[in-house]
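Trainee: Pasting in a structure now, in structure tokens, and then I'll have a few things to ask.
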Amino acid sequence: MTTLARLGKFQHFVDDLAGLDDEMRFEYVLDMAKKHKDDPFSPGAMDDEHLMHGCMSRVWMLHDIDDDGRHWFRGHSDGAIVNGLVHMMTESFSGLTGEELAALTIDQVRRLNLGAMTTQRQVGMMAMLKHMQKLARQDRSGAR
């Protein structure tokens with residue numbers, strides 16, 4: 001299991017959302033979308049190569065790996081709410097090794113307790129996690 005030390009940002013999101021009702025969770029995710037706008041995403045990366053499948057909204061994701069074998073993700077969506085979710089996912093799981101990413105489960109995504117927003121959004125977040133894991137696996141195998 002991935003150590004909590006590596007999942008500090010994720011745990012921060014879990015803790016922040018824990019005491020909020022559904023409406024406040026929605027506002028929190030919108031706030032994350034506003035913060036995400038401060039991290040511009042290159043329009044040139046919004047292409048089919050970086051397009052993620054499995055979300056109702058379009059999501060593009062960039063992936064890099066550093067010399068220490070840690071994976072870093074950046075993403076963008078054309079939907080405001082989904083952009084907030086993309087921010088939370090990329091912030092939560094960037095900096096992990098391939099093994100740590102592989103150890104993450106759908107249960108981690110469920111801990112954010114965002115299923116009440118809509119089932120589709122939770123399914124989209126699960127798809128984002130699987131996509132990040134796939135990118136990390138491809139990198140280990142030399143495929144891109």
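By convention in this document, the chains of the structure tokens carry letters A, B, ... by their order, each chain's residues are numbered from 1, and ligands are numbered from 1 in the order they are shown.
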Considering only C-alpha atoms, return as a PyMOL selection string whatever protein or nucleic-acid residues lie within 10 Å of Lys34 (chain A), sequence-local ones (same chain, fewer than 5 positions apart) excluded.
Mentor: chain A and resi 28-29+39+80-81+83-84+87
Trainee: Mind writing the picked residues with C-alpha atoms as a PDB file, in the first residue's frame?
Mentor:
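New file again_24.pdb:
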ATOM      1  CA  TYR A  28     -15.112  22.905  -3.062  1.00  0.00           C
ATOM      2  CA  VAL A  29     -14.604  21.213  -6.439  1.00  0.00           C
ATOM      3  CA  ASP A  39      -1.711  26.343 -13.860  1.00  0.00           C
ATOM      4  CA  ALA A  80     -15.438  23.400 -15.001  1.00  0.00           C
ATOM      5  CA  ILE A  81     -16.417  20.733 -12.476  1.00  0.00           C
ATOM      6  CA  ASN A  83     -11.395  20.503 -14.302  1.00  0.00           C
ATOM      7  CA  GLY A  84     -11.599  20.697 -10.502  1.00  0.00           C
ATOM      8  CA  HIS A  87      -6.777  19.142 -10.426  1.00  0.00           C
TER       9      HIS A  87
END
Trainee: Taking 2 positions as the minimum chain separation for residues in the same chain, which residues sit within 6 Å of region 102-118 of chain A when counting only C-alpha atoms? Answer as a ChimeraX atom specification.
Mentor: /A:1,14,99-100,120-122,133
Trainee: Quick one: pull the distance between CA of Pro43 (chain A) and CA of Arg74 (chain A), Å, one decimal.
Mentor: 12.6 Å
Trainee: Taking into account only C-alpha atoms, which residue in the set A:Gly8, A:Gly54, A:Gly124, A:Pro40 is nearest to Ser94 (chain A)?
Mentor: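 Closest residue, counting only C-alpha atoms: A:Gly8.
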Trainee: Pick out the closest residue to Glu27 (chain A) from this set: A:Lys130, A:Leu85, A:Met125, A:Asp66. Count only C-alpha atoms.
Mentor: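 Of the candidates, the smallest distance to Glu27 (chain A) is held by A:Leu85.
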Trainee: Leaving out Phe10 (chain A) and any residue of its chain fewer than 2 positions from it, which residues lie within 10 Å of it when counting only C-alpha atoms, given as a list in words?
Mentor: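 So, after excluding close chain neighbours, the residues are Leu4, Ala5, Arg6, Leu7, Gly8, His12, Phe13, Val14, Asp15, Asp16, Met88, Met89, Thr90, Glu91, Ser92, Phe93, Gln108, Val109, Arg111 and Leu112 of chain A.
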Trainee: Would you list, as a PyMOL selection string, the residues of chain A that end up in helix (DSSP H, G or I) under DSSP run on this structure's backbone?
Mentor: chain A and resi 8-18+22-36+43-45+48-50+80-93+98-103+106-110+119-141
Trainee: Per DSSP on the backbone, what are the strand (DSSP E or B) residues of chain A, as a list of chain:residue names?
Mentor: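 So the strand (DSSP E or B) residues in chain A would be A:Leu51, A:Met52, A:Val59, A:Trp60, A:Met61, A:Leu62, A:His63, A:Asp64, A:Ile65, A:Arg70, A:His71, A:Trp72, A:Phe73, A:Arg74, A:Gly75, A:His76, A:Ser77, A:Leu96, A:Thr97.
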Trainee: When you draw a straight line from CA of Ala45 (chain A) to CA of Asp68 (chain A), how long is it in Å?
Mentor: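 Computing it gives 24.7 Å between the two atoms.
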Trainee: Please identify all polymer residues within 12 Å of Gly69 (chain A), counting only C-alpha atoms, omitting same-chain residues fewer than 2 positions from it, and present them as a PyMOL selection string.
Mentor: chain A and resi 64-67+71-72+94-101+136-137+139-140
Trainee: Tell me which of A:Met128, A:Arg25, A:Ser77, A:Val82 sits closest to Met46 (chain A), counting only C-alpha atoms.
Mentor: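 Ranked by minimum distance to Met46 (chain A), first place goes to A:Ser77.
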Trainee: With a distance cut-off of 10 Å and only C-alpha atoms, select the neighbouring residues of Gly79 (chain A), excluding the residue or stretch itself and same-chain residues fewer than 5 positions from it, and output the selection as a PDB file with C-alpha atoms, in the first residue's frame.
Mentor:
ATOM      1  CA  ALA A  33     -11.212  24.327 -10.782  1.00  0.00           C
ATOM      2  CA  MET A  56     -18.176  12.388 -20.317  1.00  0.00           C
ATOM      3  CA  SER A  57     -16.215  15.655 -20.579  1.00  0.00           C
ATOM      4  CA  ARG A  58     -13.056  15.814 -22.599  1.00  0.00           C
ATOM      5  CA  VAL A  59      -9.935  15.425 -20.445  1.00  0.00           C
ATOM      6  CA  GLY A  84     -11.599  20.697 -10.502  1.00  0.00           C
ATOM      7  CA  LEU A  85     -11.619  16.900 -10.292  1.00  0.00           C
TER       8      LEU A  85
END
Trainee: Pick the closest to Asp47 (chain A) from A:Met32, A:Glu23, A:Met61, A:Met126: which is it, counting only C-alpha atoms?
Mentor: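 The shortest atom-to-atom distance to Asp47 (chain A) comes from A:Met61.
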Trainee: Can you tell me, as a list in words, what residues are no more than 7 Å from Trp60 (chain A) when counting only C-alpha atoms, ignoring any on the same chain fewer than 5 positions away?
Mentor: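 Neighbouring residues, sequence-local ones excluded: Met46, His50, Leu51, Met52, Gly75, His76 and Ser77 of chain A.
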Trainee: Take CA of Phe73 (chain A) and CA of Val86 (chain A) and report the distance between them in Å, one decimal.
Mentor: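 The value is 9.8 Å.
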